[in-house]
Every structure is written in structure tokens, then in C-alpha cells.
Amino acid sequence: MRHDLKTSLPPGGVDPHGLAPFSARAGEPSPSPVKLDIRHVGFRFGSTPALHDISFPIHANRVTALIGPSGCGKSTLLRVLNRMADLYEDQHVEGQVLLDGQNILAPDVDVLTLRRRVGMVTQKPSPFPMSIYDNVAIGMRLNEELTKVQLDQRVEDALRRAALWEEVGGLLDHSALSLSGGQQQRLCLARTMAVRPEVILLDEPCSALDPISTARIEETMEELKSVSTLVIVTHNLQQAARIADYTAFLYLGELVEFGATTQLFSAPREERTLSYISGRMG
Ligand SMILES: Nc1ncnc2c1ncn2[C@@H]1O[C@H](COP(=O)(O)OP(=O)(O)OP(=O)(O)O)[C@@H](O)[C@H]1O
């Protein structure tokens, strides 16, 4: 059942800690085509269901946030979007995900090509056991013909966008495994951005970052929108309200509500969304 909850929230939405209203983005996002169309997606680990009949659009050159309590299926849905979920044993997926109109869940899709178009930054950083430079350069070396100068420039650009250049610019030949957890997280972000995917999936990309690095990554996401489509899983509702154009709220594997972030945080249509964003659930 739908409720009009408009009158129960302050303008801009509520803070789960009761500190201040969310500083939600102003106004509705301007229209843009659908890049990924999620249609009736279901997912099971063996006989255990994790996603039920999820349908919503991911708009091109916009940021879409996936929010919801722990275990509601956010990461699983993200992994379906570039077929990383294929790597689970005994997994069952149903429905369709159309990327520019083509169903990426079809069995004949080349997943390596798909993952070049739809890149992912996982929740747990996974740097390769090689130098910092090679970690960022590896995807470009495999996919593009670049001169050394071009490669150096792209590595620097990706590390700058990931707010890591100032810390590692002089240590590019050091092992990536010598970096701290937060630095490794930013390195993996640089590695994904360096190959310029059309869609970037980010699973809690700021979970190990300090506020300054978080702010820089949020600026980068804003910049990346001109060339990419972004989907971000975040537990930080303030962050979703700040950076996302659209937000999807999942609960127990179901999509409860999808809409423009401004609307979802200031005038949620569903009682469960209100409970979650006001800190009464989750
Ligand atoms: N490899 C797996 N095998 C079996 N069940 C799994 C597996 N991975 C996740 N699950 C289950 O699927 C459901 C969704 O998990 P998922 O990691 O997608 O949730 P989430 O919303 O991303 O959680 P969190 O916010 O804690 O990261 C949970 O019930 C989880 O226990």
C-alpha cells in the first residue's frame, strides 16, 4: 500500500541520527536515456533466495545509489550487473538486464567484454601482487595500444582522480600490497577508472576512507558522470543523498522504492523507506 508521507518529513529529508536534515540534491535529475534496464531480476544461492523480481532503470551519466540494511541484496544485485555473480557456485539468476538494449544475462554474452564495459570496484580491495603502477596500467595494457608517455599520463590521471597521487606518486614501483587498506581501496578505484568503462559499479568505495579522501572521491564521481554511468552501494545515507541522482531502496531482497534521490529522501512513498531513512529500521 502506498502512503503519502510528504507531510511527515522536514524539507530535504531526515538524518538517521536526528542531527540535521539530509542535504539532498536540489531538484529532479534532468532526463537521460536508460543505460541498464533491470527487468524482473531474481537471484538464488542454491535454494536460498537473495533477490526477488527486481525492476528499475539505471540512467546514463547519472549516479544511482543502492541503499538498504545489511544482507538486503545490494552487493548481489551489483554483481549481477556485470556477471561477477556467475563466479558463485550453484547460483541461479532470472530476468533480464539490458545494457543499451542487449540482455547481458543471455548465455552467449562474452563476459570479459561485458566487464570491460561495466567495471567494478569491490567492497574488499583486491590489489594484484605487483607494483602500484602496474596495478593501474594492467587493464590499459591489455585493451589499448598506448605509448609509454600516454600510459604514464593515464596512470597519473587515474591516481589523481582516486585521490591517491599525492601519497604514492613517488612510489609507483613499490608493491601495491604495501599500501594501507584505504590506499588499496583507492588504488582499486584507480585501476577500474583507468580503463574508462561505460558503467562503473562501486561497492562501498569509501568504507575505509577518511573524510578528506571521501570528499575527493565524491568529487570524482561527479566528474565521471560526464563520461560514465555510476552505481554505488553505500550504507552512508548522507553520501547517497549528496551524490546520487537516483536511489533504490532494497529490503529483504526486494525493491521497496526507486526514485529521484530528492523525492526518496524528502517524500518517500513507502512506509518502509521512511523507517529506514529515519533510522527506525536497519
Ligand atoms: N556466497 C553466498 N552464499 C550464500 N548466501 C549468500 C552469499 N553471499 C551473500 N549471501 C546472502 O545473500 C543475501 C544478500 O547478501 P548481500 O551481500 O548481497 O547483501 P548486502 O545488502 O550487500 O549486505 P551488506 O550491506 O552487509 O554488504 C544475504 O542474506 C547473504 O547472507
# chains A, B, ... in the order shown; residues from 1 in each chain; ligands from 1
$ residues_near_ligand --ligand "ligand 1" --cutoff "7 Å" --atoms "only C-alpha atoms and all ligand atoms" --output "VMD selection string"
chain A and resid 45 48 50 68 to 77 88 235 253
$ write_last_selection --atoms "N, CA and C atoms" --output "short mmCIF file (atom, residue, chain, number, x, y, z; two decimals), in the first residue's frame"
data_model
loop_
_atom_site.label_atom_id
_atom_site.label_comp_id
_atom_site.auth_asym_id
_atom_site.auth_seq_id
_atom_site.Cartn_x
_atom_site.Cartn_y
_atom_site.Cartn_z
N PHE A 45 21.10 -18.25 -4.12
CA PHE A 45 22.32 -19.02 -3.83
C PHE A 45 21.81 -20.42 -3.51
N THR A 48 18.58 -20.76 -1.55
CA THR A 48 18.34 -19.57 -0.73
C THR A 48 18.13 -18.33 -1.60
N ALA A 50 17.95 -14.53 -2.76
CA ALA A 50 18.61 -13.29 -2.32
C ALA A 50 17.98 -12.06 -2.98
N GLY A 68 20.03 0.12 1.74
CA GLY A 68 19.20 -0.86 2.43
C GLY A 68 20.01 -1.53 3.52
N PRO A 69 19.32 -2.18 4.47
CA PRO A 69 20.03 -2.79 5.59
C PRO A 69 20.97 -3.92 5.14
N SER A 70 21.91 -4.26 6.00
CA SER A 70 22.87 -5.30 5.72
C SER A 70 22.14 -6.60 5.33
N GLY A 71 22.60 -7.23 4.27
CA GLY A 71 22.02 -8.51 3.84
C GLY A 71 20.81 -8.38 2.95
N CYS A 72 20.45 -7.16 2.56
CA CYS A 72 19.22 -6.99 1.74
C CYS A 72 19.45 -7.31 0.27
N GLY A 73 20.73 -7.51 -0.13
CA GLY A 73 20.98 -7.93 -1.52
C GLY A 73 21.66 -6.89 -2.39
N LYS A 74 22.15 -5.79 -1.81
CA LYS A 74 22.75 -4.71 -2.61
C LYS A 74 23.96 -5.22 -3.41
N SER A 75 24.89 -5.89 -2.70
CA SER A 75 26.11 -6.35 -3.38
C SER A 75 25.78 -7.42 -4.40
N THR A 76 24.82 -8.28 -4.07
CA THR A 76 24.44 -9.34 -5.01
C THR A 76 23.89 -8.72 -6.29
N LEU A 77 23.05 -7.72 -6.16
CA LEU A 77 22.49 -7.06 -7.34
C LEU A 77 23.61 -6.41 -8.16
N TYR A 88 29.85 -17.40 -8.35
CA TYR A 88 29.36 -18.21 -7.23
C TYR A 88 28.97 -19.59 -7.73
N HIS A 235 26.24 2.44 2.67
CA HIS A 235 25.49 2.43 3.94
C HIS A 235 25.36 3.85 4.47
N GLY A 253 15.82 -8.45 -0.02
CA GLY A 253 15.90 -8.92 -1.40
C GLY A 253 14.86 -8.35 -2.34
#
$ residues_around --residues "Glu204 in chain A" --least-positions-apart "5" --cutoff "10 Å" --atoms "only C-alpha atoms" --output "ChimeraX atom specification"
/A:66,75,121-124,185,232-236
$ atom_distance --atom1 "CA of Asp245 in chain A" --atom2 "CA of Leu230 in chain A"
10.0 Å
$ residues_around --residues "range 53-56 of chain A" --least-positions-apart "6" --cutoff "6 Å" --atoms "only C-alpha atoms" --output "list of chain:residue names"
A:Ile38, A:Arg39, A:His40, A:Val41, A:Gly42, A:Leu255
$ select_by_dssp --residues "range 184-281 of chain A" --states "strand (DSSP E)" --output "NGL selection string"
:A and (199-203 or 229-233 or 246-251 or 254-260)
$ closest_atom_pairs --of "range 188-217 of chain A" --to "range 175-184 of chain A" --cutoff "9 Å" --atoms "only C-alpha atoms" --output "tab-separated table"
residue	atom	partner	partner_atom	distance
A:Cys188	CA	A:Gln184	CA	6.2
A:Leu189	CA	A:Gln184	CA	8.6
A:Cys206	CA	A:Gly182	CA	8.2
A:Ser207	CA	A:Gly182	CA	8.2
A:Ala208	CA	A:Gly182	CA	4.9
A:Leu209	CA	A:Gly182	CA	5.3
A:Asp210	CA	A:Gly182	CA	8.2
$ atom_distance --atom1 "CA of Gln263 in chain A" --atom2 "CA of Ile277 in chain A"
12.3 Å
$ residues_around --residues "Val231 in chain A" --least-positions-apart "6" --cutoff "10 Å" --atoms "only C-alpha atoms" --output "list in words"
Ile58, His59, Arg62, Val63, Thr64, Ala65, Leu66, Leu78, Leu81, Met120, Val199, Ile200, Leu201, Leu202, Asp203, Ala244, Tyr246 and Thr247 of chain A
$ residues_around --residues "Pro197 in chain A" --least-positions-apart "2" --cutoff "12 Å" --atoms "only C-alpha atoms" --output "ChimeraX atom specification"
/A:61,82,113-121,139-140,143,189-195,199-201,224-225,227-230
$ atom_distance --atom1 "CA of Gly46 in chain A" --atom2 "CA of Leu250 in chain A"
20.9 Å
$ residues_around --residues "Leu171 in chain A" --least-positions-apart "3" --cutoff "8 Å" --atoms "only C-alpha atoms" --output "PyMOL selection string"
chain A and resi 132+168+174
$ closest_residue --among "A:Leu237, A:His92, A:Tyr251, A:Arg161" --to "Glu222 in chain A" --atoms "only C-alpha atoms"
A:Arg161
$ select_by_dssp --residues "range 87-247 of chain A" --states "helix (DSSP H, G or I)" --output "VMD selection string"
chain A and resid 87 111 to 117 132 to 143 148 to 161 165 to 168 176 to 178 181 to 194 211 to 224 237 to 243
$ write_last_selection --atoms "C-alpha atoms" --output "compact mmCIF listing (two decimals), in the first residue's frame"
# COMPACT_ATOMS: atom_id res chain seq x y z
CA LEU A 87 31.51 -16.86 -10.08
CA VAL A 111 31.62 -11.76 -20.03
CA LEU A 112 35.14 -10.41 -20.46
CA THR A 113 33.92 -7.84 -22.98
CA LEU A 114 30.98 -7.09 -20.70
CA ARG A 115 33.27 -6.49 -17.71
CA ARG A 116 35.37 -4.08 -19.77
CA ARG A 117 32.21 -2.10 -20.44
CA ILE A 132 51.34 0.33 -7.84
CA TYR A 133 51.98 1.47 -11.42
CA ASP A 134 51.32 -1.96 -12.93
CA ASN A 135 48.09 -2.33 -10.95
CA VAL A 136 46.70 0.77 -12.63
CA ALA A 137 48.27 0.12 -16.04
CA ILE A 138 47.36 -3.56 -16.42
CA GLY A 139 43.89 -3.10 -17.89
CA MET A 140 45.05 -0.43 -20.35
CA ARG A 141 47.97 -2.63 -21.48
CA LEU A 142 45.56 -5.48 -22.19
CA ASN A 143 42.95 -3.40 -24.01
CA LYS A 148 54.72 4.88 -22.60
CA VAL A 149 54.02 8.61 -22.29
CA GLN A 150 50.28 8.10 -22.77
CA LEU A 151 50.28 5.22 -20.29
CA ASP A 152 52.16 7.30 -17.71
CA GLN A 153 49.63 10.11 -18.15
CA ARG A 154 46.64 7.82 -17.79
CA VAL A 155 48.12 6.18 -14.67
CA GLU A 156 48.73 9.58 -13.10
CA ASP A 157 45.27 10.83 -14.06
CA ALA A 158 43.56 7.75 -12.57
CA LEU A 159 45.59 8.01 -9.35
CA ARG A 160 44.78 11.72 -9.07
CA ARG A 161 41.06 11.08 -9.59
CA TRP A 165 48.56 10.53 -6.36
CA GLU A 166 49.90 12.77 -3.62
CA GLU A 167 50.58 9.75 -1.41
CA VAL A 168 52.02 7.35 -3.99
CA ALA A 176 50.64 -2.41 -4.07
CA LEU A 177 50.46 -4.86 -1.16
CA SER A 178 52.50 -2.42 0.97
CA GLY A 181 43.60 -0.67 3.45
CA GLY A 182 42.25 2.76 2.50
CA GLN A 183 45.04 3.29 -0.04
CA GLN A 184 44.37 -0.14 -1.54
CA GLN A 185 40.69 0.77 -1.86
CA ARG A 186 41.59 3.95 -3.77
CA LEU A 187 44.12 2.02 -5.90
CA CYS A 188 41.38 -0.42 -6.95
CA LEU A 189 39.18 2.54 -7.82
CA ALA A 190 42.03 3.99 -9.95
CA ARG A 191 42.52 0.61 -11.64
CA THR A 192 38.84 0.45 -12.62
CA MET A 193 38.61 4.11 -13.72
CA ALA A 194 41.80 3.85 -15.81
CA PRO A 211 36.57 12.36 5.34
CA ILE A 212 39.03 14.21 3.07
CA SER A 213 39.56 11.23 0.76
CA THR A 214 35.81 10.55 0.81
CA ALA A 215 35.10 14.13 -0.30
CA ARG A 216 37.66 13.82 -3.11
CA ILE A 217 36.14 10.52 -4.32
CA GLU A 218 32.68 12.09 -4.27
CA GLU A 219 34.01 14.96 -6.44
CA THR A 220 35.50 12.37 -8.82
CA MET A 221 32.13 10.61 -9.10
CA GLU A 222 30.55 13.91 -10.04
CA GLU A 223 33.24 14.43 -12.71
CA LEU A 224 32.94 10.87 -14.03
CA LEU A 237 22.75 7.75 3.69
CA GLN A 238 24.26 11.23 3.81
CA GLN A 239 26.55 10.16 0.99
CA ALA A 240 23.66 8.76 -1.08
CA ALA A 241 21.74 11.99 -0.55
CA ARG A 242 24.77 14.09 -1.56
CA ILE A 243 25.93 12.29 -4.67
